[in-house]
Each structure stands twice: as C-alpha cells, then as structure tokens.
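Coordinates from start.cif are shown below (mmCIF, C-alpha atoms).
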data_work
#
loop_
_atom_site.label_atom_id
_atom_site.label_comp_id
_atom_site.auth_asym_id
_atom_site.auth_seq_id
_atom_site.Cartn_x
_atom_site.Cartn_y
_atom_site.Cartn_z
CA MET A 6 105.04 -210.73 -162.41
CA HIS A 7 103.92 -214.35 -162.67
CA SER A 8 101.10 -215.52 -160.42
CA THR A 9 99.39 -218.85 -159.90
CA VAL A 10 95.79 -219.51 -158.86
CA ARG A 11 95.09 -222.64 -156.83
CA THR A 12 92.56 -223.93 -154.35
CA PHE A 13 93.07 -224.66 -150.67
CA ARG A 14 90.84 -226.92 -148.61
CA THR A 15 90.42 -226.04 -144.94
CA PRO A 16 90.12 -228.66 -142.19
CA ASP A 17 86.38 -227.89 -142.18
CA GLY A 18 86.09 -228.89 -145.84
CA VAL A 19 85.77 -225.38 -147.27
CA THR A 20 87.48 -224.73 -150.60
CA LEU A 21 89.18 -221.35 -150.93
CA GLY A 22 90.36 -219.89 -154.22
CA VAL A 23 93.82 -218.37 -153.71
CA GLU A 24 96.37 -216.55 -155.88
CA HIS A 25 100.10 -216.66 -155.14
CA LEU A 26 102.67 -214.02 -156.13
CA GLY A 27 106.34 -213.85 -155.24
CA ASP A 28 108.66 -216.40 -153.66
CA ALA A 29 106.80 -219.13 -151.76
CA ALA A 30 109.74 -219.32 -149.33
CA ALA A 31 109.45 -215.61 -148.43
CA PRO A 32 107.43 -214.34 -145.45
CA LEU A 33 103.71 -214.68 -146.09
CA VAL A 34 101.38 -211.70 -146.55
CA LEU A 35 97.78 -212.95 -146.54
CA LEU A 36 95.27 -210.57 -148.14
CA VAL A 37 91.61 -211.02 -147.15
CA GLY A 38 89.36 -209.80 -149.94
CA GLY A 39 86.27 -207.78 -149.47
CA THR A 40 84.84 -210.16 -150.71
CA THR A 41 86.84 -211.32 -153.76
CA MET A 42 90.61 -211.37 -154.08
CA LEU A 43 90.31 -208.66 -156.75
CA SER A 44 89.47 -206.15 -154.01
CA TRP A 45 93.26 -205.97 -153.63
CA PRO A 46 94.84 -204.01 -156.54
CA ASP A 47 97.35 -205.84 -158.69
CA ALA A 48 99.77 -202.92 -158.30
CA LEU A 49 99.89 -203.31 -154.52
CA CYS A 50 100.25 -207.10 -154.69
CA HIS A 51 103.16 -206.78 -157.11
CA ALA A 52 104.83 -204.10 -154.97
CA LEU A 53 104.67 -206.36 -151.93
CA ALA A 54 106.09 -209.29 -153.90
CA ARG A 55 108.93 -207.12 -155.18
CA GLY A 56 109.57 -206.25 -151.54
CA GLY A 57 110.38 -209.87 -150.79
CA ARG A 58 107.05 -211.25 -149.66
CA HIS A 59 105.01 -214.31 -150.59
CA VAL A 60 101.73 -212.57 -151.41
CA VAL A 61 98.50 -214.56 -151.26
CA ARG A 62 95.12 -213.03 -151.90
CA TYR A 63 91.98 -215.15 -151.72
CA ASP A 64 88.23 -215.18 -152.18
CA LEU A 65 85.94 -215.39 -149.19
CA ARG A 66 83.24 -218.05 -149.16
CA ASP A 67 80.43 -217.48 -151.67
CA SER A 68 82.70 -215.57 -154.05
CA GLY A 69 85.15 -216.27 -156.87
CA ALA A 70 86.80 -219.68 -156.83
CA SER A 71 85.85 -220.41 -153.21
CA THR A 72 82.99 -222.58 -152.01
CA THR A 73 79.62 -221.18 -153.10
CA VAL A 74 76.46 -222.67 -151.62
CA ASP A 75 73.65 -220.19 -150.98
CA PRO A 76 74.66 -216.52 -150.60
CA GLU A 77 71.10 -215.63 -149.62
CA ALA A 78 71.24 -217.91 -146.57
CA PRO A 79 74.86 -218.42 -145.52
CA ALA A 80 75.33 -221.25 -143.02
CA TYR A 81 78.46 -219.73 -141.48
CA THR A 82 79.41 -216.74 -139.36
CA LEU A 83 81.99 -213.97 -139.39
CA ARG A 84 84.05 -216.08 -137.01
CA ASP A 85 84.03 -218.98 -139.47
CA LEU A 86 85.53 -216.64 -142.08
CA ALA A 87 88.17 -215.63 -139.54
CA ALA A 88 88.93 -219.31 -138.93
CA ASP A 89 89.33 -219.78 -142.70
CA ALA A 90 92.03 -217.09 -142.72
CA ALA A 91 93.91 -218.73 -139.87
CA ALA A 92 93.67 -222.18 -141.48
CA LEU A 93 94.97 -220.82 -144.78
CA ALA A 94 97.86 -219.00 -143.09
CA ARG A 95 98.88 -222.13 -141.17
CA GLY A 96 98.48 -224.33 -144.23
CA LEU A 97 100.76 -222.18 -146.39
CA ASP A 98 103.58 -221.45 -143.94
CA ASP A 99 104.67 -222.72 -140.55
CA ARG A 100 105.58 -219.15 -139.60
CA PRO A 101 102.98 -216.55 -138.54
CA ALA A 102 101.67 -214.47 -141.45
CA HIS A 103 101.15 -210.77 -141.98
CA LEU A 104 97.35 -210.55 -142.26
CA ALA A 105 95.68 -207.74 -144.18
CA GLY A 106 91.98 -207.06 -144.73
CA ILE A 107 90.20 -204.49 -146.89
CA GLY A 108 86.62 -203.28 -146.38
CA VAL A 109 84.50 -206.06 -144.92
CA GLY A 110 87.64 -208.21 -145.20
CA GLY A 111 89.11 -205.87 -142.61
CA MET A 112 86.38 -206.99 -140.22
CA VAL A 113 87.32 -210.61 -140.89
CA ALA A 114 90.99 -209.73 -140.28
CA GLN A 115 90.26 -208.07 -136.93
CA VAL A 116 88.36 -211.10 -135.66
CA ALA A 117 91.00 -213.48 -137.03
CA ALA A 118 93.80 -211.58 -135.27
CA LEU A 119 91.84 -211.72 -132.00
CA ASP A 120 90.63 -215.31 -132.20
CA HIS A 121 93.82 -216.82 -133.68
CA PRO A 122 96.67 -214.61 -132.43
CA LYS A 123 99.40 -217.24 -132.90
CA ALA A 124 98.67 -217.47 -136.64
CA PHE A 125 99.62 -213.86 -137.38
CA SER A 126 102.69 -211.68 -136.98
CA ALA A 127 101.31 -208.33 -138.20
CA LEU A 128 97.98 -206.76 -139.12
CA THR A 129 97.01 -204.26 -141.81
CA LEU A 130 93.46 -202.88 -141.99
CA VAL A 131 92.35 -200.90 -145.04
CA GLY A 132 89.17 -198.86 -145.37
CA THR A 133 87.28 -200.66 -142.63
CA ARG A 134 85.79 -200.10 -139.17
CA PRO A 135 85.75 -201.72 -135.72
CA VAL A 136 82.09 -202.83 -135.78
CA ALA A 137 80.04 -205.20 -137.93
CA PRO A 138 77.84 -204.24 -140.90
CA GLY A 139 74.69 -202.44 -139.81
CA PRO A 140 74.18 -199.56 -137.34
CA VAL A 141 77.43 -198.06 -136.07
CA ASP A 142 78.38 -196.98 -132.56
CA ASP A 143 77.42 -193.41 -131.66
CA ASP A 144 81.05 -192.25 -131.66
CA LEU A 145 81.77 -193.56 -135.18
CA PRO A 146 80.86 -191.77 -138.41
CA ASP A 147 78.30 -193.65 -140.50
CA HIS A 148 77.96 -193.69 -144.28
CA ASP A 149 77.64 -190.18 -145.73
CA PRO A 150 73.84 -189.67 -146.10
CA ALA A 151 73.99 -188.07 -149.56
CA THR A 152 76.32 -190.75 -150.85
CA ARG A 153 74.15 -193.50 -149.42
CA GLU A 154 71.00 -191.99 -150.97
CA ARG A 155 72.59 -191.74 -154.41
CA ARG A 156 74.11 -195.20 -154.14
CA PHE A 157 70.88 -196.96 -153.22
CA ALA A 158 68.96 -195.02 -155.87
CA LEU A 159 70.88 -196.92 -158.55
CA ALA A 160 68.71 -199.56 -160.19
CA LEU A 161 70.19 -203.04 -159.92
CA PRO A 162 71.49 -204.36 -163.24
CA ASP A 163 70.62 -207.52 -165.12
CA TRP A 164 73.18 -209.70 -163.36
CA SER A 165 73.52 -211.93 -166.43
CA ASP A 166 74.61 -208.95 -168.56
CA ARG A 167 78.36 -208.32 -168.23
CA ALA A 168 78.20 -204.81 -169.69
CA ALA A 169 75.29 -203.80 -167.44
CA VAL A 170 77.09 -205.11 -164.34
CA ALA A 171 80.25 -203.21 -165.30
CA GLN A 172 78.30 -200.00 -165.87
CA TYR A 173 76.58 -200.40 -162.49
CA ALA A 174 79.97 -200.78 -160.81
CA ALA A 175 81.33 -197.71 -162.60
CA ALA A 176 78.32 -195.62 -161.56
CA GLY A 177 78.70 -196.72 -157.95
CA ALA A 178 82.40 -195.87 -157.99
CA GLU A 179 81.68 -192.37 -159.28
CA ILE A 180 79.25 -191.83 -156.41
CA ARG A 181 81.85 -193.00 -153.86
CA GLY A 182 84.58 -190.84 -155.34
CA ASP A 183 86.54 -193.75 -156.81
CA ASP A 184 87.82 -194.19 -160.37
CA PRO A 185 84.89 -195.37 -162.55
CA ALA A 186 87.16 -196.84 -165.23
CA ALA A 187 89.09 -198.91 -162.70
CA ALA A 188 85.80 -200.07 -161.13
CA ARG A 189 84.44 -201.07 -164.54
CA THR A 190 87.55 -203.14 -165.31
CA ARG A 191 87.48 -204.80 -161.90
CA ALA A 192 83.75 -205.63 -162.25
CA GLU A 193 84.39 -207.24 -165.62
CA ARG A 194 87.19 -209.36 -164.16
CA ILE A 195 84.99 -210.36 -161.23
CA PHE A 196 82.13 -211.22 -163.61
CA ASP A 197 84.40 -213.43 -165.70
CA ARG A 198 85.45 -215.50 -162.70
CA THR A 199 82.07 -215.70 -160.95
CA PRO A 200 80.66 -219.25 -160.89
CA GLY A 201 77.34 -218.47 -162.58
CA THR A 202 75.08 -215.51 -163.30
CA ALA A 203 72.36 -216.21 -160.74
CA PRO A 204 71.53 -212.83 -159.16
CA ALA A 205 72.44 -213.91 -155.61
CA VAL A 206 75.80 -215.26 -156.73
CA GLN A 207 76.67 -212.21 -158.81
CA MET A 208 75.62 -209.86 -156.02
CA ALA A 209 77.75 -211.79 -153.53
CA ASN A 210 80.76 -211.34 -155.82
CA GLN A 211 80.17 -207.77 -156.93
CA LEU A 212 78.66 -206.26 -153.77
CA GLY A 213 79.48 -208.59 -150.90
CA MET A 214 75.80 -208.66 -150.00
CA VAL A 215 76.28 -211.91 -148.10
CA PHE A 216 77.69 -209.86 -145.21
CA ALA A 217 74.29 -208.33 -144.58
CA ARG A 218 73.07 -211.84 -143.71
CA LEU A 219 75.96 -213.06 -141.55
CA ASP A 220 75.92 -213.59 -137.81
CA CYS A 221 78.60 -211.12 -136.69
CA THR A 222 78.12 -211.48 -132.94
CA PRO A 223 79.55 -211.14 -130.39
CA ARG A 224 81.12 -207.69 -130.76
CA TRP A 225 84.90 -207.44 -131.05
CA ARG A 226 85.60 -203.70 -130.74
CA GLU A 227 86.03 -203.92 -126.98
CA ARG A 228 88.77 -206.55 -127.51
CA LEU A 229 90.97 -204.52 -129.86
CA GLY A 230 93.33 -203.72 -126.97
CA GLU A 231 94.28 -207.42 -126.96
CA ILE A 232 96.01 -207.17 -130.34
CA ALA A 233 99.72 -207.48 -129.60
CA VAL A 234 101.23 -207.57 -133.12
CA PRO A 235 102.43 -204.54 -135.13
CA ALA A 236 99.44 -202.95 -136.84
CA LEU A 237 98.87 -200.53 -139.70
CA VAL A 238 95.57 -198.79 -140.42
CA VAL A 239 95.17 -197.34 -143.93
CA HIS A 240 92.23 -195.10 -144.77
CA GLY A 241 91.22 -192.74 -147.57
CA ARG A 242 90.61 -189.18 -146.43
CA ARG A 243 87.72 -188.89 -148.91
CA ASP A 244 86.03 -192.20 -148.06
CA PRO A 245 82.27 -191.47 -147.76
CA PHE A 246 81.30 -195.10 -147.09
CA PHE A 247 83.47 -195.76 -144.05
CA PRO A 248 84.54 -192.18 -143.23
CA VAL A 249 88.08 -191.71 -141.97
CA GLY A 250 86.95 -191.43 -138.34
CA ASN A 251 86.52 -195.21 -138.41
CA GLY A 252 90.19 -195.69 -139.26
CA GLU A 253 91.19 -193.17 -136.63
CA ALA A 254 89.22 -195.15 -134.01
CA LEU A 255 90.95 -198.38 -135.02
CA ALA A 256 94.37 -196.76 -134.77
CA ARG A 257 93.55 -195.40 -131.29
CA GLU A 258 92.21 -198.65 -129.94
CA ILE A 259 94.81 -201.09 -131.31
CA PRO A 260 97.94 -200.66 -129.16
CA GLY A 261 100.79 -199.02 -131.06
CA ALA A 262 98.98 -198.99 -134.39
CA ARG A 263 100.18 -196.62 -137.11
CA LEU A 264 97.57 -194.64 -139.06
CA LEU A 265 98.29 -193.91 -142.74
CA VAL A 266 95.73 -191.53 -144.24
CA LEU A 267 95.72 -191.37 -148.04
CA GLU A 268 94.73 -187.78 -148.69
CA GLU A 269 93.43 -188.24 -152.26
CA ALA A 270 91.81 -191.67 -151.84
CA ALA A 271 88.16 -192.51 -151.23
CA THR A 272 86.91 -196.08 -150.76
CA ALA A 273 89.17 -197.99 -153.17
CA LEU A 274 92.97 -198.08 -153.10
CA PRO A 275 94.18 -196.22 -156.20
CA ASP A 276 97.16 -197.72 -158.03
CA ALA A 277 99.00 -194.45 -157.41
CA THR A 278 99.12 -195.30 -153.70
CA ALA A 279 100.51 -198.82 -154.17
CA GLU A 280 104.15 -198.04 -153.43
CA GLU A 281 103.31 -195.92 -150.36
CA VAL A 282 101.02 -198.56 -148.89
CA ALA A 283 103.43 -201.39 -149.70
CA GLU A 284 106.31 -199.53 -148.05
CA ALA A 285 104.23 -199.05 -144.89
CA MET A 286 103.20 -202.71 -144.85
CA LEU A 287 106.74 -203.95 -145.43
CA ALA A 288 107.93 -201.85 -142.49
CA LEU A 289 105.78 -203.81 -140.00
#

Could you render the structure from this file as structure tokens?
Amino acid sequence: MHSTVRTFRTPDGVTLGVEHLGDAAAPLVLLVGGTTMLSWPDALCHALARGGRHVVRYDLRDSGASTTVDPEAPAYTLRDLAADAAALARGLDDRPAHLAGIGVGGMVAQVAALDHPKAFSALTLVGTRPVAPGPVDDDLPDHDPATRERRFALALPDWSDRAAVAQYAAAGAEIRGDDPAAARTRAERIFDRTPGTAPAVQMANQLGMVFARLDCTPRWRERLGEIAVPALVVHGRRDPFFPVGNGEALAREIPGARLLVLEEAATALPDATAEEVAEAMLAL
C-alpha cells in the first residue's frame, strides 16, 4: 500500500515528521509513536487503512523527521507533546480523530485525550501505563526485576555503527520476549532515518531516552475517569516491561474501556496480531 511522508508545522513552530496511508478523506486514525513512527508495525497500519481509515503515524519531537534540538535537555514537557498531537489532528481533519498511543506514546495519548477532548473521538492505548516514567504507584506492577537487570547489563553500542545498534536492539528484544529479527530490522530502519549519529540523538530515536528527562507533572491517573470517548486498551500478556496489570488498571479506570489482552505478545506488537488489533480499533 502506497504511503507518503511529509512534515507538519504546529502553531508553536514545531516540525513533525508524519506518514500518511489510506484515503485522506476517510476518518483519521492518529498513531503516536513511542518515540518514532516505526513503533507502529507496518502490518497494523496497512490493516487499518484497508479498513477505511486515513492512517497517520508520526515521530515525536527529538526523533525521526521531527524537530530535533537537544535530546539531553529537552525544553518541552509531556503536555507539550500532547498539544502536538491535538494540533496535528486538527490540522489534518476538521473531524475529531481516533488517537492511539504505544508505550510512552500511550502516555502522551492519555494526556492529549484529557487536555484536548474535543480533538479526539476514540482512544487506543497499547502496552502502556497510567503513570509517568519513573517509580510506579504501589498498586501497579513495575518492570520485571530479572528483565530489568539483564536489559541494563547490556553494554551500549557505538551509536555511529549501524550493525552494532541493530545487534543491541535485537539483544534487548530477546530479553523482553520480543522477536529479535523484527527488532533488528526496525532498528536499522530507525538508524537510516535518524538525523545524525550523535549518541544523544541516536539514543532518543532508538530508546526514547528523552522521556527520562521530561517534566511529566502534574499526574493524570486520577483524571482518567474524565475520558468520555470509546476506549480500547491493548496489552501483551507476556510484557515484562509494563506488565499486564498496568493495562488492566487503565481499562478499569477509563469508563467503558475494552481490554484486549494478546496472550502470546510481550512488549512489541507482533505482525501476527495486526488483524485482531485493527478489528478492535475499527470497532470503536
């Protein structure tokens, strides 16, 4: 299926790199990356487009084709990223959009749905949680300790070496229970579209490390009951990074939300789940 990559400039002067699939006149599904647009599998994007949607996935600031300034000292907040999503949705269609976020992009999507409710008609949250990066609430499961230990024991690669970066991504995927080959391919694609090989820029694209430095206050979990649009929460049963209890909490606290647990999935969305997830999203 043909796609086009363009840029969009927000009212605040931020450039966002966006990819369009499907009919531009169809209802908009806006996919918030975590952090690059390639966090969303091609198979799922194509399934949504075949289902009659205008599918747009985009890079967050400091990744891909979007504005990159200084990932080590970002001069914006989580709420600014949420405002970017709302500005993009309004700029592409005068109708409210179906907003979807994956991983840390799911945090952006939650805040965007709360802060800009008129911009969105539906919400899908994939592999995320209702609190910001860092320590979790006592009632939420944190990263699996053994997985975290193995993951952080990996030596960082030479970020200017494409093969080393791809191998690092594959090793991390194996630890998380994801497909190493798919992770390697995705890392290579991300590397090829990253604006430079400076370590901070590559880390922002490959690991989303910028989120560790963002101002994510105030909390939004206590506001989830305000979400009044149809919502879908998708979570891998085997996810050791954001264990499934996080998705279960989201589904409980967002009124009327549906929980779809992918029994064989871990952190990433496998291509084999694309049709099932697309069908659930199209039903909202």

So, with only C-alpha atoms as the atoms that count, which of A:Pro260, A:Pro16, A:Pro46, A:Pro32 lies closest to His59 of chain A?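 The closest residue to His59 of chain A is A:Pro32.
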
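Closest approach to Ser44 of chain A from the set A:Ser126, A:Thr278, A:Asn210, A:Thr82 is made by A:Asn210, with distances taken over only C-alpha atoms.
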
Selection result for the PyMOL selection byres ((chain A and resi 169-180) around 10) on this file, as a ChimeraX atom specification: /A:151-157,159-168,181-196,207-208,211-212,245,271-273

Write a file of the selected residues as an mmCIF file, keeping the file's coordinate frame, keeping C-alpha atoms.
data_model
loop_
_atom_site.group_PDB
_atom_site.id
_atom_site.type_symbol
_atom_site.label_atom_id
_atom_site.label_comp_id
_atom_site.auth_asym_id
_atom_site.auth_seq_id
_atom_site.Cartn_x
_atom_site.Cartn_y
_atom_site.Cartn_z
ATOM 1 C CA ALA A 151 73.990 -188.070 -149.560
ATOM 2 C CA THR A 152 76.320 -190.750 -150.850
ATOM 3 C CA ARG A 153 74.150 -193.500 -149.420
ATOM 4 C CA GLU A 154 71.000 -191.990 -150.970
ATOM 5 C CA ARG A 155 72.590 -191.740 -154.410
ATOM 6 C CA ARG A 156 74.110 -195.200 -154.140
ATOM 7 C CA PHE A 157 70.880 -196.960 -153.220
ATOM 8 C CA LEU A 159 70.880 -196.920 -158.550
ATOM 9 C CA ALA A 160 68.710 -199.560 -160.190
ATOM 10 C CA LEU A 161 70.190 -203.040 -159.920
ATOM 11 C CA PRO A 162 71.490 -204.360 -163.240
ATOM 12 C CA ASP A 163 70.620 -207.520 -165.120
ATOM 13 C CA TRP A 164 73.180 -209.700 -163.360
ATOM 14 C CA SER A 165 73.520 -211.930 -166.430
ATOM 15 C CA ASP A 166 74.610 -208.950 -168.560
ATOM 16 C CA ARG A 167 78.360 -208.320 -168.230
ATOM 17 C CA ALA A 168 78.200 -204.810 -169.690
ATOM 18 C CA ARG A 181 81.850 -193.000 -153.860
ATOM 19 C CA GLY A 182 84.580 -190.840 -155.340
ATOM 20 C CA ASP A 183 86.540 -193.750 -156.810
ATOM 21 C CA ASP A 184 87.820 -194.190 -160.370
ATOM 22 C CA PRO A 185 84.890 -195.370 -162.550
ATOM 23 C CA ALA A 186 87.160 -196.840 -165.230
ATOM 24 C CA ALA A 187 89.090 -198.910 -162.700
ATOM 25 C CA ALA A 188 85.800 -200.070 -161.130
ATOM 26 C CA ARG A 189 84.440 -201.070 -164.540
ATOM 27 C CA THR A 190 87.550 -203.140 -165.310
ATOM 28 C CA ARG A 191 87.480 -204.800 -161.900
ATOM 29 C CA ALA A 192 83.750 -205.630 -162.250
ATOM 30 C CA GLU A 193 84.390 -207.240 -165.620
ATOM 31 C CA ARG A 194 87.190 -209.360 -164.160
ATOM 32 C CA ILE A 195 84.990 -210.360 -161.230
ATOM 33 C CA PHE A 196 82.130 -211.220 -163.610
ATOM 34 C CA GLN A 207 76.670 -212.210 -158.810
ATOM 35 C CA MET A 208 75.620 -209.860 -156.020
ATOM 36 C CA GLN A 211 80.170 -207.770 -156.930
ATOM 37 C CA LEU A 212 78.660 -206.260 -153.770
ATOM 38 C CA PRO A 245 82.270 -191.470 -147.760
ATOM 39 C CA ALA A 271 88.160 -192.510 -151.230
ATOM 40 C CA THR A 272 86.910 -196.080 -150.760
ATOM 41 C CA ALA A 273 89.170 -197.990 -153.170
#

Just to confirm, what's the straight-line distance from atom CA of Pro135 of chain A to atom CA of Ser71 of chain A in Å (one decimal)? 25.6 Å

Taking into account only C-alpha atoms, which residue in the set A:Ala52, A:Leu264, A:Ala158, A:Ala233 is nearest to Pro122 of chain A?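 Selected residue with least distance to Pro122 of chain A: A:Ala233.
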
Measuring between only C-alpha atoms, which one of A:Ala203, A:Ala48, A:Ala283, A:Val131 shows the shortest distance to Leu255 of chain A?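 With only C-alpha atoms as the atom set, the closest residue is A:Val131.
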
Return the single residue from A:Arg100, A:Arg218, A:His148, A:Arg95 that is closest to Pro76 of chain A, with distances computed using only C-alpha atoms.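 Ranked by minimum distance to Pro76 of chain A, first place goes to A:Arg218.
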
Could you pull out every residue with an atom within 10 Å of (88.1, -224.2, -147.3), file coordinates, counting all atoms listed in the file, and send them as a PyMOL selection string? chain A and resi 12-22+65-66+71-72+86+88-90+92-93

Explicit residues for the PyMOL selection byres ((chain A and resi 214-217) around 9) (as a list of chain:residue names): A:Asp67, A:Pro76, A:Glu77, A:Ala78, A:Pro79, A:Leu83, A:Val109, A:Ala137, A:Pro138, A:Gly139, A:Ala205, A:Met208, A:Ala209, A:Asn210, A:Gln211, A:Leu212, A:Gly213, A:Arg218, A:Leu219, A:Asp220, A:Cys221

What is the distance, in Å and to one decimal place, between atom CA of Gly27 of chain A and atom CA of Asp47 of chain A?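 Computing it gives 12.5 Å between the two atoms.
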
Compare A:Arg134, A:Arg58, A:His25, A:His121 by their minimum atom-to-atom distance to Asp244 of chain A, counting only C-alpha atoms, and give me the closest one. A:Arg134

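Here atom CA of Pro235 of chain A and atom CA of Leu289 of chain A stand 6.0 Å from one another.
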
So which residues touch Thr9 of chain A within 9 Å, counting only C-alpha atoms, skipping near sequence neighbours fewer than 5 positions away, as a list in words?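 Residues meeting the cut-off are Val23, Glu24, His25 and Leu26 of chain A.
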
What lies within 10 Å of Ala94 of chain A using all atoms listed in the file, ignoring chain neighbours under 5 positions off, as a list in words? Leu33, Val34, Leu35, Val61, Ala88, Asp89, Asp99, Arg100, Pro101, Ala102, His103, Leu104, Ala124 and Phe125 of chain A

Quick one: residues within 12 Å of Val282 of chain A, all atoms listed in the file counted, chain neighbours fewer than 3 positions away excluded, as a PyMOL selection string? chain A and resi 45-46+48-53+56+105+129-131+237-241+263-267+270+274-279+285-289

If I only want segment 118-127 of chain A, can you write it with all heavy atoms, as an mmCIF file, in the first residue's frame?
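result33.cif, freshly written:
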data_model
loop_
_atom_site.group_PDB
_atom_site.id
_atom_site.type_symbol
_atom_site.label_atom_id
_atom_site.label_comp_id
_atom_site.auth_asym_id
_atom_site.auth_seq_id
_atom_site.Cartn_x
_atom_site.Cartn_y
_atom_site.Cartn_z
ATOM 1 N N ALA A 118 -5.823 13.158 25.300
ATOM 2 C CA ALA A 118 -7.267 12.926 25.376
ATOM 3 C C ALA A 118 -7.895 13.705 26.525
ATOM 4 O O ALA A 118 -9.046 14.143 26.429
ATOM 5 C CB ALA A 118 -7.544 11.436 25.529
ATOM 6 N N LEU A 119 -7.143 13.885 27.606
ATOM 7 C CA LEU A 119 -7.659 14.630 28.759
ATOM 8 C C LEU A 119 -7.582 16.137 28.557
ATOM 9 O O LEU A 119 -8.507 16.873 28.902
ATOM 10 C CB LEU A 119 -6.880 14.229 30.018
ATOM 11 C CG LEU A 119 -7.165 12.833 30.548
ATOM 12 C CD1 LEU A 119 -6.087 12.402 31.535
ATOM 13 C CD2 LEU A 119 -8.542 12.781 31.216
ATOM 14 N N ASP A 120 -6.485 16.613 27.995
ATOM 15 C CA ASP A 120 -6.284 18.058 27.854
ATOM 16 C C ASP A 120 -6.982 18.643 26.624
ATOM 17 O O ASP A 120 -7.261 19.844 26.582
ATOM 18 C CB ASP A 120 -4.788 18.372 27.767
ATOM 19 C CG ASP A 120 -4.084 18.267 29.110
ATOM 20 O OD1 ASP A 120 -4.746 17.913 30.101
ATOM 21 O OD2 ASP A 120 -2.864 18.537 29.161
ATOM 22 N N HIS A 121 -7.241 17.804 25.613
ATOM 23 C CA HIS A 121 -7.818 18.281 24.354
ATOM 24 C C HIS A 121 -8.966 17.359 23.929
ATOM 25 O O HIS A 121 -8.936 16.776 22.835
ATOM 26 C CB HIS A 121 -6.737 18.335 23.270
ATOM 27 C CG HIS A 121 -5.511 19.102 23.671
ATOM 28 N ND1 HIS A 121 -5.419 20.465 23.551
ATOM 29 C CD2 HIS A 121 -4.343 18.675 24.225
ATOM 30 C CE1 HIS A 121 -4.230 20.861 24.000
ATOM 31 N NE2 HIS A 121 -3.561 19.803 24.411
ATOM 32 N N PRO A 122 -9.980 17.209 24.753
ATOM 33 C CA PRO A 122 -11.015 16.198 24.497
ATOM 34 C C PRO A 122 -11.786 16.409 23.195
ATOM 35 O O PRO A 122 -12.240 15.428 22.583
ATOM 36 C CB PRO A 122 -11.938 16.320 25.718
ATOM 37 C CG PRO A 122 -11.700 17.702 26.255
ATOM 38 C CD PRO A 122 -10.245 17.964 25.997
ATOM 39 N N LYS A 123 -11.920 17.656 22.738
ATOM 40 C CA LYS A 123 -12.698 17.899 21.523
ATOM 41 C C LYS A 123 -11.949 17.493 20.255
ATOM 42 O O LYS A 123 -12.551 17.401 19.180
ATOM 43 C CB LYS A 123 -13.089 19.372 21.441
ATOM 44 C CG LYS A 123 -14.068 19.797 22.525
ATOM 45 C CD LYS A 123 -14.479 21.243 22.361
ATOM 46 C CE LYS A 123 -15.479 21.663 23.440
ATOM 47 N NZ LYS A 123 -15.881 23.089 23.297
ATOM 48 N N ALA A 124 -10.650 17.227 20.376
ATOM 49 C CA ALA A 124 -9.853 16.866 19.197
ATOM 50 C C ALA A 124 -9.953 15.391 18.846
ATOM 51 O O ALA A 124 -9.567 14.990 17.743
ATOM 52 C CB ALA A 124 -8.391 17.241 19.420
ATOM 53 N N PHE A 125 -10.519 14.579 19.777
ATOM 54 C CA PHE A 125 -10.447 13.133 19.596
ATOM 55 C C PHE A 125 -11.804 12.459 19.787
ATOM 56 O O PHE A 125 -12.594 12.852 20.656
ATOM 57 C CB PHE A 125 -9.409 12.550 20.549
ATOM 58 C CG PHE A 125 -8.066 13.213 20.411
ATOM 59 C CD1 PHE A 125 -7.568 14.045 21.397
ATOM 60 C CD2 PHE A 125 -7.321 13.029 19.259
ATOM 61 C CE1 PHE A 125 -6.343 14.686 21.254
ATOM 62 C CE2 PHE A 125 -6.091 13.667 19.097
ATOM 63 C CZ PHE A 125 -5.596 14.489 20.094
ATOM 64 N N SER A 126 -12.042 11.432 18.978
ATOM 65 C CA SER A 126 -13.313 10.716 19.002
ATOM 66 C C SER A 126 -13.197 9.330 19.613
ATOM 67 O O SER A 126 -14.213 8.706 19.943
ATOM 68 C CB SER A 126 -13.857 10.581 17.579
ATOM 69 O OG SER A 126 -12.915 9.876 16.760
ATOM 70 N N ALA A 127 -11.986 8.813 19.738
ATOM 71 C CA ALA A 127 -11.750 7.480 20.295
ATOM 72 C C ALA A 127 -10.299 7.415 20.751
ATOM 73 O O ALA A 127 -9.460 8.220 20.322
ATOM 74 C CB ALA A 127 -12.052 6.386 19.272
#
